[in-house]
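Participant: I'm passing along structure-v4.cif; it holds mmCIF, N, CA and C atoms.
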```cif
data_upload
#
loop_
_atom_site.label_atom_id
_atom_site.label_comp_id
_atom_site.auth_asym_id
_atom_site.auth_seq_id
_atom_site.Cartn_x
_atom_site.Cartn_y
_atom_site.Cartn_z
N MET U 1 72.32 -18.95 -4.84
CA MET U 1 71.26 -19.53 -5.66
C MET U 1 70.74 -18.44 -6.57
N GLY U 2 70.68 -18.70 -7.86
CA GLY U 2 70.23 -17.70 -8.80
C GLY U 2 69.12 -18.22 -9.68
N GLY U 3 68.73 -17.42 -10.62
CA GLY U 3 67.69 -17.83 -11.55
C GLY U 3 66.35 -17.21 -11.22
N HIS U 4 65.39 -17.57 -12.01
CA HIS U 4 64.05 -17.04 -11.78
C HIS U 4 63.03 -18.12 -12.13
N ILE U 5 61.86 -17.92 -11.62
CA ILE U 5 60.75 -18.84 -11.90
C ILE U 5 59.70 -18.05 -12.65
N ARG U 6 59.21 -18.60 -13.72
CA ARG U 6 58.15 -17.94 -14.48
C ARG U 6 56.83 -18.63 -14.14
N LEU U 7 55.89 -17.85 -13.63
CA LEU U 7 54.57 -18.36 -13.31
C LEU U 7 53.58 -17.76 -14.30
N TYR U 8 52.61 -18.54 -14.70
CA TYR U 8 51.61 -18.02 -15.63
C TYR U 8 50.27 -18.72 -15.38
N THR U 9 49.22 -18.08 -15.83
CA THR U 9 47.89 -18.65 -15.76
C THR U 9 47.59 -19.27 -17.12
N PRO U 10 47.22 -20.57 -17.15
CA PRO U 10 46.89 -21.20 -18.44
C PRO U 10 45.80 -20.43 -19.17
N LYS U 11 45.85 -20.42 -20.50
CA LYS U 11 44.90 -19.66 -21.32
C LYS U 11 43.45 -20.00 -21.00
N LYS U 12 43.15 -21.29 -20.87
CA LYS U 12 41.78 -21.70 -20.58
C LYS U 12 41.29 -21.10 -19.25
N THR U 13 42.17 -21.08 -18.25
CA THR U 13 41.82 -20.51 -16.95
C THR U 13 41.65 -19.00 -17.06
N ALA U 14 42.57 -18.34 -17.74
CA ALA U 14 42.49 -16.88 -17.91
C ALA U 14 41.22 -16.49 -18.66
N ASP U 15 40.86 -17.26 -19.68
CA ASP U 15 39.62 -16.99 -20.42
C ASP U 15 38.40 -17.13 -19.51
N TRP U 16 38.39 -18.18 -18.69
CA TRP U 16 37.26 -18.39 -17.77
C TRP U 16 37.18 -17.22 -16.78
N GLU U 17 38.33 -16.82 -16.23
CA GLU U 17 38.34 -15.72 -15.26
C GLU U 17 37.80 -14.42 -15.88
N ARG U 18 38.18 -14.13 -17.12
CA ARG U 18 37.68 -12.93 -17.79
C ARG U 18 36.16 -13.00 -18.01
N SER U 19 35.67 -14.16 -18.43
CA SER U 19 34.22 -14.32 -18.62
C SER U 19 33.47 -14.21 -17.31
N ALA U 20 34.00 -14.84 -16.26
CA ALA U 20 33.36 -14.77 -14.94
C ALA U 20 33.37 -13.34 -14.42
N ALA U 21 34.47 -12.62 -14.65
CA ALA U 21 34.57 -11.23 -14.20
C ALA U 21 33.52 -10.36 -14.88
N LEU U 22 33.29 -10.57 -16.16
CA LEU U 22 32.28 -9.80 -16.88
C LEU U 22 30.89 -10.06 -16.30
N LEU U 23 30.56 -11.32 -16.04
CA LEU U 23 29.27 -11.65 -15.44
C LEU U 23 29.14 -11.05 -14.05
N ALA U 24 30.20 -11.14 -13.24
CA ALA U 24 30.17 -10.61 -11.88
C ALA U 24 30.02 -9.09 -11.90
N ARG U 25 30.74 -8.42 -12.80
CA ARG U 25 30.66 -6.96 -12.91
C ARG U 25 29.24 -6.52 -13.25
N ASN U 26 28.60 -7.23 -14.17
CA ASN U 26 27.23 -6.89 -14.56
C ASN U 26 26.24 -7.15 -13.44
N ALA U 27 26.48 -8.15 -12.63
CA ALA U 27 25.57 -8.47 -11.52
C ALA U 27 25.80 -7.55 -10.32
N TRP U 28 27.04 -7.12 -10.08
CA TRP U 28 27.40 -6.35 -8.89
C TRP U 28 26.87 -4.93 -8.97
N MET U 29 27.10 -4.21 -10.04
CA MET U 29 26.59 -2.87 -10.33
C MET U 29 26.84 -1.84 -9.23
N ARG U 30 28.01 -1.88 -8.60
CA ARG U 30 28.43 -0.84 -7.65
C ARG U 30 29.95 -0.92 -7.54
N GLY U 31 30.52 -0.04 -6.77
CA GLY U 31 31.97 -0.01 -6.63
C GLY U 31 32.51 -1.17 -5.82
N PRO U 32 33.82 -1.34 -5.85
CA PRO U 32 34.44 -2.45 -5.12
C PRO U 32 34.22 -2.34 -3.62
N SER U 33 33.95 -3.46 -2.99
CA SER U 33 33.81 -3.51 -1.54
C SER U 33 35.18 -3.39 -0.90
N GLU U 34 35.23 -2.70 0.23
CA GLU U 34 36.46 -2.56 1.02
C GLU U 34 36.40 -3.46 2.25
N ASP U 35 35.24 -4.08 2.50
CA ASP U 35 35.01 -4.85 3.72
C ASP U 35 35.77 -6.17 3.73
N LEU U 36 36.12 -6.62 4.93
CA LEU U 36 36.54 -7.99 5.09
C LEU U 36 35.31 -8.85 4.85
N CYS U 37 35.49 -10.03 4.28
CA CYS U 37 34.31 -10.80 3.95
C CYS U 37 34.56 -12.31 4.02
N ARG U 38 33.46 -13.01 3.98
CA ARG U 38 33.44 -14.46 3.85
C ARG U 38 32.95 -14.74 2.43
N ALA U 39 33.59 -15.71 1.77
CA ALA U 39 33.16 -16.12 0.44
C ALA U 39 32.69 -17.57 0.51
N ASP U 40 31.48 -17.80 0.03
CA ASP U 40 30.94 -19.16 -0.10
C ASP U 40 30.86 -19.44 -1.59
N ILE U 41 31.57 -20.46 -2.04
CA ILE U 41 31.64 -20.80 -3.45
C ILE U 41 31.18 -22.24 -3.65
N VAL U 42 30.24 -22.42 -4.59
CA VAL U 42 29.84 -23.77 -4.99
C VAL U 42 30.12 -23.87 -6.48
N ALA U 43 31.06 -24.74 -6.83
CA ALA U 43 31.40 -24.99 -8.23
C ALA U 43 30.60 -26.20 -8.69
N VAL U 44 29.74 -25.99 -9.67
CA VAL U 44 28.85 -27.04 -10.16
C VAL U 44 29.33 -27.47 -11.55
N PHE U 45 29.80 -28.70 -11.66
CA PHE U 45 30.35 -29.22 -12.91
C PHE U 45 29.33 -30.10 -13.63
N SER U 46 29.45 -30.16 -14.95
CA SER U 46 28.60 -31.06 -15.75
C SER U 46 28.85 -32.50 -15.32
N ARG U 47 27.78 -33.26 -15.31
CA ARG U 47 27.92 -34.68 -14.98
C ARG U 47 28.50 -35.45 -16.14
N PRO U 48 29.43 -36.36 -15.84
CA PRO U 48 29.91 -37.23 -16.91
C PRO U 48 28.84 -38.26 -17.25
N GLN U 49 28.93 -38.80 -18.42
CA GLN U 49 27.94 -39.78 -18.90
C GLN U 49 27.76 -40.94 -17.90
N ARG U 50 28.84 -41.35 -17.25
CA ARG U 50 28.78 -42.49 -16.32
C ARG U 50 27.89 -42.23 -15.10
N LEU U 51 27.54 -40.96 -14.86
CA LEU U 51 26.68 -40.63 -13.71
C LEU U 51 25.28 -40.20 -14.14
N LEU U 52 24.90 -40.54 -15.36
CA LEU U 52 23.57 -40.19 -15.87
C LEU U 52 22.65 -41.40 -16.00
N ARG U 53 23.03 -42.51 -15.37
CA ARG U 53 22.18 -43.71 -15.43
C ARG U 53 20.94 -43.52 -14.55
N LYS U 54 19.93 -44.30 -14.80
CA LYS U 54 18.69 -44.20 -14.01
C LYS U 54 18.95 -44.40 -12.52
N LYS U 55 19.87 -45.29 -12.18
CA LYS U 55 20.12 -45.60 -10.77
C LYS U 55 20.91 -44.50 -10.04
N ASP U 56 21.51 -43.56 -10.79
CA ASP U 56 22.28 -42.48 -10.17
C ASP U 56 21.33 -41.45 -9.56
N PRO U 57 21.73 -40.83 -8.44
CA PRO U 57 20.86 -39.86 -7.78
C PRO U 57 20.54 -38.66 -8.67
N LEU U 58 19.34 -38.09 -8.47
CA LEU U 58 18.92 -36.90 -9.22
C LEU U 58 19.65 -35.66 -8.75
N GLN U 59 19.94 -35.56 -7.46
CA GLN U 59 20.51 -34.35 -6.88
C GLN U 59 22.02 -34.26 -7.13
N ARG U 60 22.57 -33.13 -6.72
CA ARG U 60 24.01 -32.91 -6.84
C ARG U 60 24.77 -33.99 -6.07
N ILE U 61 25.93 -34.34 -6.60
CA ILE U 61 26.83 -35.28 -5.92
C ILE U 61 28.24 -34.70 -5.95
N TYR U 62 29.02 -35.07 -4.95
CA TYR U 62 30.37 -34.51 -4.85
C TYR U 62 31.22 -34.83 -6.07
N HIS U 63 32.03 -33.85 -6.45
CA HIS U 63 32.93 -33.90 -7.60
C HIS U 63 34.34 -34.02 -7.04
N GLY U 64 34.97 -35.17 -7.20
CA GLY U 64 36.30 -35.38 -6.62
C GLY U 64 37.38 -35.52 -7.67
N SER U 65 37.33 -34.70 -8.70
CA SER U 65 38.38 -34.77 -9.72
C SER U 65 38.79 -33.36 -10.11
N LYS U 66 39.67 -33.25 -11.08
CA LYS U 66 40.19 -31.94 -11.50
C LYS U 66 39.07 -31.07 -12.05
N PRO U 67 39.10 -29.77 -11.87
CA PRO U 67 40.17 -29.03 -11.23
C PRO U 67 40.11 -29.12 -9.70
N ASP U 68 41.28 -29.01 -9.08
CA ASP U 68 41.36 -29.04 -7.62
C ASP U 68 40.57 -27.88 -7.03
N ILE U 69 40.00 -28.13 -5.87
CA ILE U 69 39.12 -27.14 -5.23
C ILE U 69 39.86 -25.84 -4.90
N ASP U 70 41.15 -25.93 -4.56
CA ASP U 70 41.90 -24.70 -4.26
C ASP U 70 42.12 -23.86 -5.52
N ASN U 71 42.25 -24.52 -6.66
CA ASN U 71 42.39 -23.78 -7.92
C ASN U 71 41.06 -23.13 -8.33
N VAL U 72 39.96 -23.81 -8.03
CA VAL U 72 38.64 -23.22 -8.28
C VAL U 72 38.48 -21.94 -7.46
N ALA U 73 38.80 -22.03 -6.17
CA ALA U 73 38.67 -20.86 -5.29
C ALA U 73 39.54 -19.71 -5.78
N LYS U 74 40.78 -19.99 -6.16
CA LYS U 74 41.68 -18.94 -6.65
C LYS U 74 41.12 -18.27 -7.90
N SER U 75 40.62 -19.06 -8.84
CA SER U 75 40.08 -18.47 -10.07
C SER U 75 38.84 -17.61 -9.78
N VAL U 76 37.98 -18.08 -8.90
CA VAL U 76 36.79 -17.31 -8.56
C VAL U 76 37.17 -16.00 -7.88
N LEU U 77 38.06 -16.06 -6.90
CA LEU U 77 38.47 -14.84 -6.20
C LEU U 77 39.19 -13.88 -7.14
N ASP U 78 40.06 -14.40 -8.01
CA ASP U 78 40.74 -13.54 -8.99
C ASP U 78 39.73 -12.85 -9.91
N SER U 79 38.68 -13.57 -10.30
CA SER U 79 37.67 -12.96 -11.18
C SER U 79 36.87 -11.88 -10.44
N LEU U 80 36.65 -12.05 -9.13
CA LEU U 80 35.95 -11.02 -8.36
C LEU U 80 36.78 -9.74 -8.25
N VAL U 81 38.09 -9.89 -8.12
CA VAL U 81 38.98 -8.72 -8.11
C VAL U 81 38.97 -8.06 -9.48
N MET U 82 39.10 -8.86 -10.53
CA MET U 82 39.10 -8.36 -11.90
C MET U 82 37.80 -7.61 -12.21
N ALA U 83 36.69 -8.08 -11.65
CA ALA U 83 35.37 -7.48 -11.89
C ALA U 83 35.15 -6.21 -11.09
N GLY U 84 36.00 -5.97 -10.08
CA GLY U 84 35.79 -4.80 -9.24
C GLY U 84 34.75 -5.04 -8.16
N VAL U 85 34.51 -6.29 -7.82
CA VAL U 85 33.57 -6.61 -6.73
C VAL U 85 34.27 -6.41 -5.39
N ILE U 86 35.51 -6.89 -5.29
CA ILE U 86 36.35 -6.65 -4.12
C ILE U 86 37.67 -6.05 -4.63
N ARG U 87 38.34 -5.28 -3.78
CA ARG U 87 39.60 -4.65 -4.21
C ARG U 87 40.74 -5.66 -4.26
N ASP U 88 40.78 -6.58 -3.29
CA ASP U 88 41.89 -7.52 -3.20
C ASP U 88 41.38 -8.80 -2.54
N ASP U 89 41.89 -9.94 -2.99
CA ASP U 89 41.40 -11.19 -2.40
C ASP U 89 41.87 -11.40 -0.97
N LYS U 90 42.77 -10.56 -0.47
CA LYS U 90 43.16 -10.64 0.94
C LYS U 90 42.02 -10.22 1.86
N GLN U 91 40.99 -9.55 1.30
CA GLN U 91 39.81 -9.17 2.08
C GLN U 91 38.99 -10.40 2.49
N VAL U 92 39.17 -11.51 1.78
CA VAL U 92 38.44 -12.73 2.10
C VAL U 92 39.16 -13.42 3.25
N VAL U 93 38.55 -13.37 4.43
CA VAL U 93 39.18 -13.93 5.63
C VAL U 93 38.53 -15.24 6.07
N GLU U 94 37.43 -15.60 5.44
CA GLU U 94 36.80 -16.90 5.62
C GLU U 94 36.40 -17.39 4.24
N LEU U 95 36.56 -18.69 4.02
CA LEU U 95 36.29 -19.24 2.70
C LEU U 95 35.70 -20.63 2.84
N PHE U 96 34.57 -20.85 2.17
CA PHE U 96 33.95 -22.17 2.09
C PHE U 96 33.81 -22.49 0.61
N VAL U 97 34.33 -23.64 0.21
CA VAL U 97 34.27 -24.03 -1.19
C VAL U 97 33.74 -25.46 -1.27
N ARG U 98 32.80 -25.67 -2.16
CA ARG U 98 32.25 -27.01 -2.41
C ARG U 98 32.31 -27.28 -3.91
N SER U 99 32.70 -28.50 -4.27
CA SER U 99 32.80 -28.91 -5.66
C SER U 99 31.85 -30.07 -5.89
N VAL U 100 30.88 -29.89 -6.79
CA VAL U 100 29.85 -30.91 -7.01
C VAL U 100 29.57 -31.10 -8.50
N TYR U 101 29.02 -32.26 -8.82
CA TYR U 101 28.44 -32.46 -10.14
C TYR U 101 27.01 -31.94 -10.09
N ALA U 102 26.55 -31.41 -11.19
CA ALA U 102 25.20 -30.85 -11.29
C ALA U 102 24.15 -31.94 -11.04
N SER U 103 22.98 -31.50 -10.58
CA SER U 103 21.85 -32.41 -10.51
C SER U 103 21.49 -32.77 -11.95
N LYS U 104 20.62 -33.73 -12.10
CA LYS U 104 20.24 -34.14 -13.46
C LYS U 104 19.41 -33.08 -14.18
N GLU U 105 18.90 -32.08 -13.45
CA GLU U 105 18.07 -31.04 -14.06
C GLU U 105 18.78 -29.73 -14.29
N GLU U 106 20.05 -29.63 -13.95
CA GLU U 106 20.74 -28.34 -14.08
C GLU U 106 22.03 -28.47 -14.88
N GLY U 107 22.54 -27.33 -15.25
CA GLY U 107 23.80 -27.29 -15.97
C GLY U 107 24.91 -26.78 -15.07
N PRO U 108 26.11 -26.70 -15.61
CA PRO U 108 27.25 -26.22 -14.82
C PRO U 108 27.13 -24.73 -14.51
N CYS U 109 27.67 -24.33 -13.38
CA CYS U 109 27.68 -22.93 -12.98
C CYS U 109 28.61 -22.77 -11.77
N VAL U 110 28.82 -21.55 -11.37
CA VAL U 110 29.52 -21.27 -10.12
C VAL U 110 28.63 -20.32 -9.33
N GLU U 111 28.32 -20.70 -8.10
CA GLU U 111 27.51 -19.88 -7.21
C GLU U 111 28.44 -19.23 -6.19
N VAL U 112 28.34 -17.91 -6.06
CA VAL U 112 29.21 -17.17 -5.15
C VAL U 112 28.35 -16.30 -4.25
N ARG U 113 28.64 -16.35 -2.96
CA ARG U 113 27.97 -15.46 -2.01
C ARG U 113 29.04 -14.81 -1.15
N LEU U 114 29.04 -13.49 -1.10
CA LEU U 114 29.97 -12.75 -0.25
C LEU U 114 29.19 -12.16 0.91
N SER U 115 29.75 -12.30 2.11
CA SER U 115 29.13 -11.74 3.31
C SER U 115 30.15 -10.88 4.02
N SER U 116 29.77 -9.64 4.30
CA SER U 116 30.65 -8.73 5.02
C SER U 116 30.78 -9.20 6.46
N ILE U 117 31.99 -9.17 6.99
CA ILE U 117 32.19 -9.56 8.39
C ILE U 117 33.03 -8.52 9.12
N ASP U 118 33.03 -7.26 8.63
CA ASP U 118 33.79 -6.21 9.31
C ASP U 118 33.34 -6.08 10.76
N GLY U 119 34.32 -5.90 11.62
CA GLY U 119 34.02 -5.66 13.03
C GLY U 119 33.72 -6.90 13.85
N VAL U 120 33.77 -8.06 13.24
CA VAL U 120 33.49 -9.29 13.98
C VAL U 120 34.75 -9.72 14.71
N VAL U 121 34.61 -10.02 16.00
CA VAL U 121 35.73 -10.48 16.80
C VAL U 121 35.73 -12.00 16.78
N VAL U 122 36.89 -12.57 16.49
CA VAL U 122 37.02 -14.02 16.44
C VAL U 122 37.56 -14.50 17.78
N SER U 123 36.92 -15.50 18.36
CA SER U 123 37.42 -16.04 19.62
C SER U 123 37.65 -17.54 19.48
N GLY U 124 38.49 -18.05 20.36
CA GLY U 124 38.71 -19.47 20.50
C GLY U 124 39.42 -20.10 19.40
#
```
Output the file's structure in the form of structure tokens.
Facilitator:
Amino acid sequence: MGGHIRLYTPKKTADWERSAALLARNAWMRGPSEDLCRADIVAVFSRPQRLLRKKDPLQRIYHGSKPDIDNVAKSVLDSLVMAGVIRDDKQVVELFVRSVYASKEEGPCVEVRLSSIDGVVVSG
């Protein structure tokens, strides 16, 4: 079996990752973490017009469409590496990701929380 596979990151995704990395770098303001960690990611998407009716809830509601949640997590983790927040995404040994539409009072954003878990023994 021969040949090769070419993999690439779409331009729109690469642009988002670079922008997110710049914001993360400015917020982090220290060297890359070496610790194993847990990442909690909440991706908040703009609400479509169909969910802005009076009868629709004010608070965040689950977002069940593209981009896929695993692609969101990959882009966020890649941007953290690019920003120098973590050295490698293999340091993330626990991951929680939630995808939601924004509440009626907020705009789109990505919320990221990293928690060091070095030295924690996992059982069961």
Participant: May I have the residues within 10 Å of segment 44-48 of chain U as a PDB file with N, CA and C atoms, keeping the file's coordinate frame, using only C-alpha atoms and disregarding those fewer than 5 positions away in the same chain?
Facilitator:
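Resulting contents of out.pdb:
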```pdb
ATOM      1  N   ARG U  60      22.570 -33.130  -6.720  1.00  0.00           N
ATOM      2  CA  ARG U  60      24.010 -32.910  -6.840  1.00  0.00           C
ATOM      3  C   ARG U  60      24.770 -33.990  -6.070  1.00  0.00           C
ATOM      4  N   ILE U  61      25.930 -34.340  -6.600  1.00  0.00           N
ATOM      5  CA  ILE U  61      26.830 -35.280  -5.920  1.00  0.00           C
ATOM      6  C   ILE U  61      28.240 -34.700  -5.950  1.00  0.00           C
ATOM      7  N   TYR U  62      29.020 -35.070  -4.950  1.00  0.00           N
ATOM      8  CA  TYR U  62      30.370 -34.510  -4.850  1.00  0.00           C
ATOM      9  C   TYR U  62      31.220 -34.830  -6.070  1.00  0.00           C
ATOM     10  N   HIS U  63      32.030 -33.850  -6.450  1.00  0.00           N
ATOM     11  CA  HIS U  63      32.930 -33.900  -7.600  1.00  0.00           C
ATOM     12  C   HIS U  63      34.340 -34.020  -7.040  1.00  0.00           C
ATOM     13  N   PRO U  67      39.100 -29.770 -11.870  1.00  0.00           N
ATOM     14  CA  PRO U  67      40.170 -29.030 -11.230  1.00  0.00           C
ATOM     15  C   PRO U  67      40.110 -29.120  -9.700  1.00  0.00           C
ATOM     16  N   ARG U  98      32.800 -25.670  -2.160  1.00  0.00           N
ATOM     17  CA  ARG U  98      32.250 -27.010  -2.410  1.00  0.00           C
ATOM     18  C   ARG U  98      32.310 -27.280  -3.910  1.00  0.00           C
ATOM     19  N   SER U  99      32.700 -28.500  -4.270  1.00  0.00           N
ATOM     20  CA  SER U  99      32.800 -28.910  -5.660  1.00  0.00           C
ATOM     21  C   SER U  99      31.850 -30.070  -5.890  1.00  0.00           C
ATOM     22  N   VAL U 100      30.880 -29.890  -6.790  1.00  0.00           N
ATOM     23  CA  VAL U 100      29.850 -30.910  -7.010  1.00  0.00           C
ATOM     24  C   VAL U 100      29.570 -31.100  -8.500  1.00  0.00           C
ATOM     25  N   TYR U 101      29.020 -32.260  -8.820  1.00  0.00           N
ATOM     26  CA  TYR U 101      28.440 -32.460 -10.140  1.00  0.00           C
ATOM     27  C   TYR U 101      27.010 -31.940 -10.090  1.00  0.00           C
ATOM     28  N   ALA U 102      26.550 -31.410 -11.190  1.00  0.00           N
ATOM     29  CA  ALA U 102      25.200 -30.850 -11.290  1.00  0.00           C
ATOM     30  C   ALA U 102      24.150 -31.940 -11.040  1.00  0.00           C
ATOM     31  N   SER U 103      22.980 -31.500 -10.580  1.00  0.00           N
ATOM     32  CA  SER U 103      21.850 -32.410 -10.510  1.00  0.00           C
ATOM     33  C   SER U 103      21.490 -32.770 -11.950  1.00  0.00           C
ATOM     34  N   LYS U 104      20.620 -33.730 -12.100  1.00  0.00           N
ATOM     35  CA  LYS U 104      20.240 -34.140 -13.460  1.00  0.00           C
ATOM     36  C   LYS U 104      19.410 -33.080 -14.180  1.00  0.00           C
ATOM     37  N   GLU U 106      20.050 -29.630 -13.950  1.00  0.00           N
ATOM     38  CA  GLU U 106      20.740 -28.340 -14.080  1.00  0.00           C
ATOM     39  C   GLU U 106      22.030 -28.470 -14.880  1.00  0.00           C
ATOM     40  N   GLY U 107      22.540 -27.330 -15.250  1.00  0.00           N
ATOM     41  CA  GLY U 107      23.800 -27.290 -15.970  1.00  0.00           C
ATOM     42  C   GLY U 107      24.910 -26.780 -15.070  1.00  0.00           C
ATOM     43  N   PRO U 108      26.110 -26.700 -15.610  1.00  0.00           N
ATOM     44  CA  PRO U 108      27.250 -26.220 -14.820  1.00  0.00           C
ATOM     45  C   PRO U 108      27.130 -24.730 -14.510  1.00  0.00           C
ATOM     46  N   CYS U 109      27.670 -24.330 -13.380  1.00  0.00           N
ATOM     47  CA  CYS U 109      27.680 -22.930 -12.980  1.00  0.00           C
ATOM     48  C   CYS U 109      28.610 -22.770 -11.770  1.00  0.00           C
ATOM     49  N   VAL U 110      28.820 -21.550 -11.370  1.00  0.00           N
ATOM     50  CA  VAL U 110      29.520 -21.270 -10.120  1.00  0.00           C
ATOM     51  C   VAL U 110      28.630 -20.320  -9.330  1.00  0.00           C
ATOM     52  N   GLU U 111      28.320 -20.700  -8.100  1.00  0.00           N
ATOM     53  CA  GLU U 111      27.510 -19.880  -7.210  1.00  0.00           C
ATOM     54  C   GLU U 111      28.440 -19.230  -6.190  1.00  0.00           C
TER      55      GLU U 111
END
```
Participant: So that I can check the surroundings of Val93 of chain U, please list as a PyMOL selection string every protein, DNA and RNA residue that reaches within 8 Å of it, counting only N, CA and C atoms and ignoring chain neighbours fewer than 6 positions away.
Facilitator: chain U and resi 35-39
Participant: Need to verify the contact set: Val85 of chain U, 8 Å, only C-alpha atoms, exclusion of same-chain residues closer than 3 positions in sequence. Can you return it as a list in words?
Facilitator: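 In the requested format, the answer is Ala24, Arg25, Trp28, Arg30, Gly31, Pro32, Ser33, Leu80, Val81 and Met82 of chain U.
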Participant: Determine the nearest neighbour of Ser115 of chain U from the options U:Ser79, U:Gln49, U:Gln91, U:Thr13, counting only C-alpha atoms.
Facilitator: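 With only C-alpha atoms as the atom set, the closest residue is U:Gln91.
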Participant: Could you give me the residues within segment 9-61 of chain U that DSSP places in alpha helix (DSSP H), as a PyMOL selection string?
Facilitator: chain U and resi 11-28
Participant: Taking every listed atom of segment 53-70 of chain U and adding 3 Å to each side, what centre and edge lengths in Å (one decimal) does the axis-aligned box have, as lines of an AutoDock Vina configuration file?
Facilitator:
```
center_x = 30.4
center_y = -34.7
center_z = -9.8
size_x = 29.4
size_y = 27.7
size_z = 17.2
```
Participant: I need the strand (DSSP E or B) residues of chain U per DSSP on the backbone, written as a ChimeraX atom specification.
Facilitator: /U:33,37-45,61-62,86,92-101,109-116
Participant: Between atom CA of Gln59 of chain U and atom CA of Asn71 of chain U, what is the distance, to one decimal in Å?
Facilitator: 24.3 Å
Participant: Please compute the atom CA of Pro10 of chain U-atom N of Asn26 of chain U distance, one decimal, in Å.
Facilitator: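 Interatomic distance, atom CA of Pro10 of chain U to atom N of Asn26 of chain U: 23.4 Å.
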Participant: Between atom CA of Gly64 of chain U and atom CA of Trp16 of chain U, what distance in Å does the model show, to one decimal?
Facilitator: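 Taking atom CA of Gly64 of chain U as the start and atom CA of Trp16 of chain U as the end point, the length is 20.3 Å.
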Participant: Let me make sure I understand: among U:Met29, U:Ile69, U:Ile117, U:Ala21, which one has the smallest atom-to-atom distance to Val92 of chain U if we use only C-alpha atoms?
Facilitator: U:Ile117
Participant: Give me the residues near Val97 of chain U as an MDAnalysis selection string, where near means some atom within 6 Å (using all atoms listed in the file) and where sequence neighbours in that chain fewer than 6 positions away do not count.
Facilitator: chainID U and resid 40:42
